[in-house]
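Inspection log for the structure reproduced underneath, given as structure tokens.
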Amino acid sequence: MVLRVAIVGPGRVGSALGRQLRGPRVELLGFVGRNEAAATRACAWAGQGRVLQWADLRAAHVVIFAVGDADLATAVAAAVAASAQRSCALWLHTSGRFGLEVFRDAGLHRETGQPQVRLGALHPVAPFPDAEQGFRNLPGAPGVWLGEARSERLLVRLCHLLGLVPIQDRAGDRVLYHAACALAANGLTALRSQVDAVFAGAGGLDRADAARLAEALMGSALRSCAALGPQAALSGPVLRGDAGTVVAHLRSLEASVPAVRDTYVALMQAALALAVARGLPQAAADAVQNALSRAPSGPDPGVQPRSGD
């Protein structure tokens, strides 16, 4: 059976999903959007579908709510108010922050005689800086799904249709889960921007060479974490107990790129916890902690740098 899909939200995520769902096993009915122009552009970019109204959702086997977290409850409520439910259809959202409560809070499954749509969530764990890059990031990315028992098979099928690797969320803390995702993607992106700023402040390298260094270091660190775990993958001055180098870093940052100093301190505090777990002697750990806690203009701590990494 060809699966008829409608998407609420013609933005970055919705457009990327719509384009990925093109094929002989899926008919993309189109998009519901806040304005017709956005929905028209999404249909053209996806290569299928038309501009839909709320009532058109009744024709869909699957309705995907791909809107921002702040707009999700409003979009679901509007669809419910339009009586857009099709009995046994699957309604799902792509938010990492919310679970199924966003549908139930809108009144689904509460009124006697109401069509019993199936409920689910499918979070594509990939960055969507724009629709094109999001589309390219989908194949092979994890698809974290959450749903009622009768939704599970179709949620897994949708993962495969989207090129995602299905991973079940067994109703954990969605806000903490979403915070972890934000740290992994947005935090790393923000860190990369600060790494670039510090390389630029250091001088001596052109931008392309500095980018190569950042990519080599960050990429190899992530690969080491995957192979060994973060504790065993840690390297650098904090692991060595090299408080003198930490102080020198802080002084240089304060002088040249002061906006990055707080980031450096926060991340090196986390690195220090890993180093202590690795067996860093208490005296060396105290010296590094003292270095991270004092102003960069303060005196050098007594621990001398160690050779090696």
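Residues are named by chain letter and number: chains run A, B, ... in the order of the structure tokens, numbers start at 1 in each chain, and ligands are numbered from 1 in the order shown.
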### Task
Just the residues within 10 Å of segment 47-56 of chain A, please, counting only C-alpha atoms, with nothing from its chain fewer than 3 positions along; format it as number ranges by chain.
A: 5-8, 10, 18-19, 21-23, 27-33, 35-44, 59-60, 75, 78-85
### Query
Can you tell me, as a ChimeraX atom specification, what residues are no more than 10 Å from segment 124-138 of chain A when counting only C-alpha atoms, ignoring any on the same chain fewer than 4 positions away?
/A:10-20,42,45-46,94-96,142-145,159,162-166,181-182,185-186
## Note on the structure
Correct to one decimal, the distance atom CA of Met268 of chain A-atom CA of His178 of chain A is 23.5 Å
### Query
Using only C-alpha atoms, which residues sit within 10 Å of Met1 of chain A once same-chain residues fewer than 6 positions away are excluded, as JSON, numbers by chain?
{"A": [24, 25, 26]}
Please, could you write that set of residues out with N, CA and C atoms as a PDB file, in the first residue's frame?
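This went into selection.pdb:
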```pdb
ATOM      1  N   PRO A  24       8.240   5.448  -4.717  1.00  0.00           N
ATOM      2  CA  PRO A  24       7.080   4.647  -5.119  1.00  0.00           C
ATOM      3  C   PRO A  24       6.229   4.165  -3.949  1.00  0.00           C
ATOM      4  N   ARG A  25       6.795   4.154  -2.726  1.00  0.00           N
ATOM      5  CA  ARG A  25       6.039   3.633  -1.582  1.00  0.00           C
ATOM      6  C   ARG A  25       5.337   4.717  -0.784  1.00  0.00           C
ATOM      7  N   VAL A  26       5.543   5.979  -1.172  1.00  0.00           N
ATOM      8  CA  VAL A  26       4.973   7.100  -0.424  1.00  0.00           C
ATOM      9  C   VAL A  26       4.393   8.117  -1.395  1.00  0.00           C
TER      10      VAL A  26
END
```
### Task
Report the residues of segment 110-234 of chain A whose backbone DSSP state falls under helix (DSSP H, G or I), written as a PyMOL selection string.
chain A and resi 131-137+149-161+174-202+207-228+230-233
### Task
Per DSSP on the backbone, filter segment 124-205 of chain A down to the residues in strand (DSSP E) and report them as a VMD selection string.
chain A and resid 124 142 to 147 165 to 168
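Interatomic distance, atom CA of Gln168 of chain A to atom CA of Val117 of chain A: 20.2 Å.
Between Val2 of chain A and the residues A:Leu57, A:Leu122, A:Val62, A:Leu90, the shortest atom-to-atom distance, using only C-alpha atoms, involves A:Val62.
Atom CA of Phe98 of chain A lies 13.1 Å from atom CA of Arg170 of chain A.
The shell of residues at most 7 Å from Ala291 of chain A, with only C-alpha atoms counted and near chain neighbours (fewer than 2 positions) removed, consists of Ala243, Val246, Val247, Ala287, Val288, Gln289, Ser293, Arg294 and Pro301 of chain A.
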### Query
Which residues come within 12 Å of segment 223-238 of chain A, counting only C-alpha atoms, excluding same-chain residues fewer than 2 positions away, as a PyMOL selection string?
chain A and resi 215-221+240-249+264-265+267-281+284-289+291-292+303-309
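Minimum atom-to-atom distances from A:Ala141, A:Val67, A:Ala77, A:Leu154 to Ala89 of chain A were compared using only C-alpha atoms, and the lowest value belongs to A:Leu154.
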